[in-house]
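Engineer: Dropping a structure here in structure tokens format, bear with me for questions.
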Amino acid sequence: MNPQQPLPLIGLTMGDGAGIGPEVIVPAVLDPVTLGRCRPVVIGDAARLRKAAAILGVTCEIVAVDAPAEAEFTSGRVNVIDLGLLPEDLPFGKLSPVAGNAAYEYVRRAAELAVAGEIDGICTAPLNKEALHAAGHMYPGHTELLAHLTGVEEVSMMLSTEKVKVIHVTTHIGLIDAVNRIEPGLVERTVRRGHEALVRAGNPNPVIGVCGINPHAGENGLFGYGEEEEKIVPALEKLRAAGVDARGPLPADTAFFLASRGDYDLIVAMYHDQGHGPVKVLGIEAGVNLTVGLPVIRTSVDHGTAFDIAGTGKAEAGSMLEALRQAADMSTAR
């Protein structure tokens, strides 16, 4: 980081207040490593954060601010833009439309701040999709919601662990619909977004492995109906002609192993489970979810609201620490 520049301001949305979001946010924001990399401002409910701190047995000062520029960053202080949307008696671990609506409002406010240039990046705690829908906000998740709020037509989801990074051509749609949606233009744009993200993060010449759709990437037409040749190969030819080191189509059952040993900097998955399954086996505890293609960096933990342990103090903050680290690094590079 350039010592002449201030640390990036990261807006940290609290997620679903009935889940573990508040419990992973408090220790992550107080961590000296976090404060050495960025200036985190929580967008959520101050009272819920105080309750989480009490559950964790953490002594800290949780201070409401009206804008990120008003925040002060000292040891033991948590700055929060307090929207005050949660009732005091909201139970942990139970689905709540009230909590779902609050989670939406936290993200909406973060998007406003990002577009206005008041924060340099967004980091999100998990929301609950069922609660979000129960509140009337019909989005598949953070990725699509942030795209809508920032006026972007197309973004990509990237998952990042210590061993493997994967970007998805399609995400929250059924498998048949995903195969139908895949076409050379979408594959090319997805690879380009992944390439740009890695370059921004400090890798000037990333090696990108692109999965096929069928078993063994079609095995030269033996499996499937030529989807690889029709939907993927034309995109790879254009990318390579433009200087992007994109290789494939690769059999998905070996691509992730090769990436984990260092052969590829990024794997391009064609559909949700093709990418999510291997990544979560390799590193769900410290995995990070990134949205690339937005006008601002966005990272997130790669776990859910964990209603089964919410409010017990058992949640691990490792993924949140890593999400904040990557938000800080990529916002600075940007």
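Ordering of the structure tokens sets the chain letters (A, B, ...), residue numbers begin anew at 1 in every chain, and ligands are numbered from 1 in the order given.
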Mind running stretch 288-321 of chain A against stretch 5-11 of chain A at 12 Å and telling me each contacting residue's nearest atom pair with the distance in Å (one decimal), counting only C-alpha atoms, chain and number ascending, as a Markdown table?

Structural biologist:
```
| residue | atom | partner | partner_atom | distance |
| --- | --- | --- | --- | --- |
| A:Val296 | CA | A:Ile10 | CA | 10.5 |
| A:Ile297 | CA | A:Ile10 | CA | 9.3 |
| A:Arg298 | CA | A:Ile10 | CA | 9.3 |
| A:Thr299 | CA | A:Ile10 | CA | 10.1 |
| A:Ser300 | CA | A:Gly11 | CA | 11.4 |
```

Engineer: Restricted to C-alpha atoms, what would the selected residues look like written as a PDB file, in the first residue's frame?

Structural biologist:
```pdb
ATOM      1  CA  VAL A 296     -16.955  -0.736  -6.821  1.00  0.00           C
ATOM      2  CA  ILE A 297     -15.135  -3.677  -5.252  1.00  0.00           C
ATOM      3  CA  ARG A 298     -17.397  -6.051  -3.313  1.00  0.00           C
ATOM      4  CA  THR A 299     -16.300  -9.006  -1.237  1.00  0.00           C
ATOM      5  CA  SER A 300     -18.187 -11.278   1.124  1.00  0.00           C
TER       6      SER A 300
END
```

Engineer: For stretch 225-229 of chain A, please output as a list in words all residues within 7 Å (counting only C-alpha atoms; exclusion window: fewer than 4 positions along the same chain).

Structural biologist: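 Those residues are Gly212, Ile213, Ala217, Gly218, Gly221, Val233 and Pro249 of chain A.
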
Engineer: Write out as number ranges by chain each polymer residue whose atoms come within 9 Å of A:Met330, counting only C-alpha atoms; drop sequence neighbours fewer than 5 positions from it.

Structural biologist: A: 121, 197, 200-202, 297, 325

Engineer: Hey, can you spit out that residue selection with all heavy atoms as a PDB file, in the first residue's frame?

Structural biologist:
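Output (out_10.pdb):
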```pdb
ATOM      1  N   GLY A 121     -14.989   0.503  -1.146  1.00  0.00           N
ATOM      2  CA  GLY A 121     -15.348  -0.886  -1.390  1.00  0.00           C
ATOM      3  C   GLY A 121     -16.454  -1.317  -0.453  1.00  0.00           C
ATOM      4  O   GLY A 121     -16.778  -0.619   0.520  1.00  0.00           O
ATOM      5  N   ALA A 197      -9.885  -8.634 -12.718  1.00  0.00           N
ATOM      6  CA  ALA A 197      -9.831  -8.679 -11.259  1.00  0.00           C
ATOM      7  C   ALA A 197      -8.465  -9.149 -10.774  1.00  0.00           C
ATOM      8  O   ALA A 197      -7.913  -8.616  -9.796  1.00  0.00           O
ATOM      9  CB  ALA A 197     -10.935  -9.583 -10.716  1.00  0.00           C
ATOM     10  N   ARG A 200      -5.893  -6.429 -11.362  1.00  0.00           N
ATOM     11  CA  ARG A 200      -6.103  -5.393 -10.357  1.00  0.00           C
ATOM     12  C   ARG A 200      -5.518  -5.798  -9.011  1.00  0.00           C
ATOM     13  O   ARG A 200      -5.015  -4.963  -8.251  1.00  0.00           O
ATOM     14  CB  ARG A 200      -7.603  -5.106 -10.213  1.00  0.00           C
ATOM     15  CG  ARG A 200      -7.958  -4.060  -9.176  1.00  0.00           C
ATOM     16  CD  ARG A 200      -9.466  -3.985  -9.015  1.00  0.00           C
ATOM     17  NE  ARG A 200     -10.106  -3.498 -10.221  1.00  0.00           N
ATOM     18  CZ  ARG A 200     -11.401  -3.635 -10.478  1.00  0.00           C
ATOM     19  NH1 ARG A 200     -12.180  -4.292  -9.640  1.00  0.00           N
ATOM     20  NH2 ARG A 200     -11.920  -3.161 -11.570  1.00  0.00           N
ATOM     21  N   ALA A 201      -5.568  -7.099  -8.728  1.00  0.00           N
ATOM     22  CA  ALA A 201      -5.052  -7.597  -7.445  1.00  0.00           C
ATOM     23  C   ALA A 201      -3.550  -7.827  -7.470  1.00  0.00           C
ATOM     24  O   ALA A 201      -2.987  -8.296  -6.481  1.00  0.00           O
ATOM     25  CB  ALA A 201      -5.772  -8.888  -7.070  1.00  0.00           C
ATOM     26  N   GLY A 202      -2.881  -7.504  -8.594  1.00  0.00           N
ATOM     27  CA  GLY A 202      -1.433  -7.566  -8.611  1.00  0.00           C
ATOM     28  C   GLY A 202      -0.827  -8.680  -9.427  1.00  0.00           C
ATOM     29  O   GLY A 202       0.395  -8.876  -9.402  1.00  0.00           O
ATOM     30  N   ILE A 297     -15.510  -2.354  -5.722  1.00  0.00           N
ATOM     31  CA  ILE A 297     -15.135  -3.677  -5.252  1.00  0.00           C
ATOM     32  C   ILE A 297     -16.159  -4.168  -4.233  1.00  0.00           C
ATOM     33  O   ILE A 297     -16.588  -3.423  -3.348  1.00  0.00           O
ATOM     34  CB  ILE A 297     -13.738  -3.627  -4.611  1.00  0.00           C
ATOM     35  CG1 ILE A 297     -12.677  -3.339  -5.684  1.00  0.00           C
ATOM     36  CG2 ILE A 297     -13.419  -4.922  -3.874  1.00  0.00           C
ATOM     37  CD1 ILE A 297     -12.601  -4.391  -6.761  1.00  0.00           C
ATOM     38  N   ARG A 325      -9.747  -8.186   4.128  1.00  0.00           N
ATOM     39  CA  ARG A 325      -8.398  -8.048   3.586  1.00  0.00           C
ATOM     40  C   ARG A 325      -8.435  -7.897   2.067  1.00  0.00           C
ATOM     41  O   ARG A 325      -7.786  -7.007   1.502  1.00  0.00           O
ATOM     42  CB  ARG A 325      -7.542  -9.268   3.947  1.00  0.00           C
ATOM     43  CG  ARG A 325      -6.098  -9.144   3.449  1.00  0.00           C
ATOM     44  CD  ARG A 325      -5.335 -10.444   3.595  1.00  0.00           C
ATOM     45  NE  ARG A 325      -5.780 -11.460   2.647  1.00  0.00           N
ATOM     46  CZ  ARG A 325      -5.394 -11.496   1.363  1.00  0.00           C
ATOM     47  NH1 ARG A 325      -4.592 -10.568   0.875  1.00  0.00           N
ATOM     48  NH2 ARG A 325      -5.825 -12.457   0.563  1.00  0.00           N
TER      49      ARG A 325
END
```

Engineer: Rounded to one decimal in Å, what is the spacing between atom CA of A:Ala178 and atom CA of A:Asp263?

Structural biologist: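 So the two atoms, atom CA of A:Ala178 and atom CA of A:Asp263, lie 27.0 Å apart.
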
Engineer: Using DSSP on the backbone coordinates, identify the residues of stretch 100-261 of chain A assigned to alpha helix (DSSP H); present them as a PyMOL selection string.

Structural biologist: chain A and resi 100-115+129-134+142-149+175-181+184-200+227+233-241+252-260

Engineer: Neighbouring residues of A:Phe92 were defined as those with any atom within 10 Å, considering only C-alpha atoms; residues of the same chain fewer than 3 positions away were excluded. Please report them as a list in words.

Structural biologist: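 Counting only C-alpha atoms, the residues come to Asp16, Gly17, Ala18, Gly19, Ile20, Asp89, Leu95, Ser96, Phe307, Asp308, Ile309, Ala310, Gly311 and Thr312 of chain A.
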
Engineer: When distances are computed from only C-alpha atoms, which of A:Gly293, A:Pro204, A:Pro215, A:Gly304 shows the smallest separation from A:Val152?

Structural biologist: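 Among the listed residues, A:Gly293 lies closest to A:Val152.
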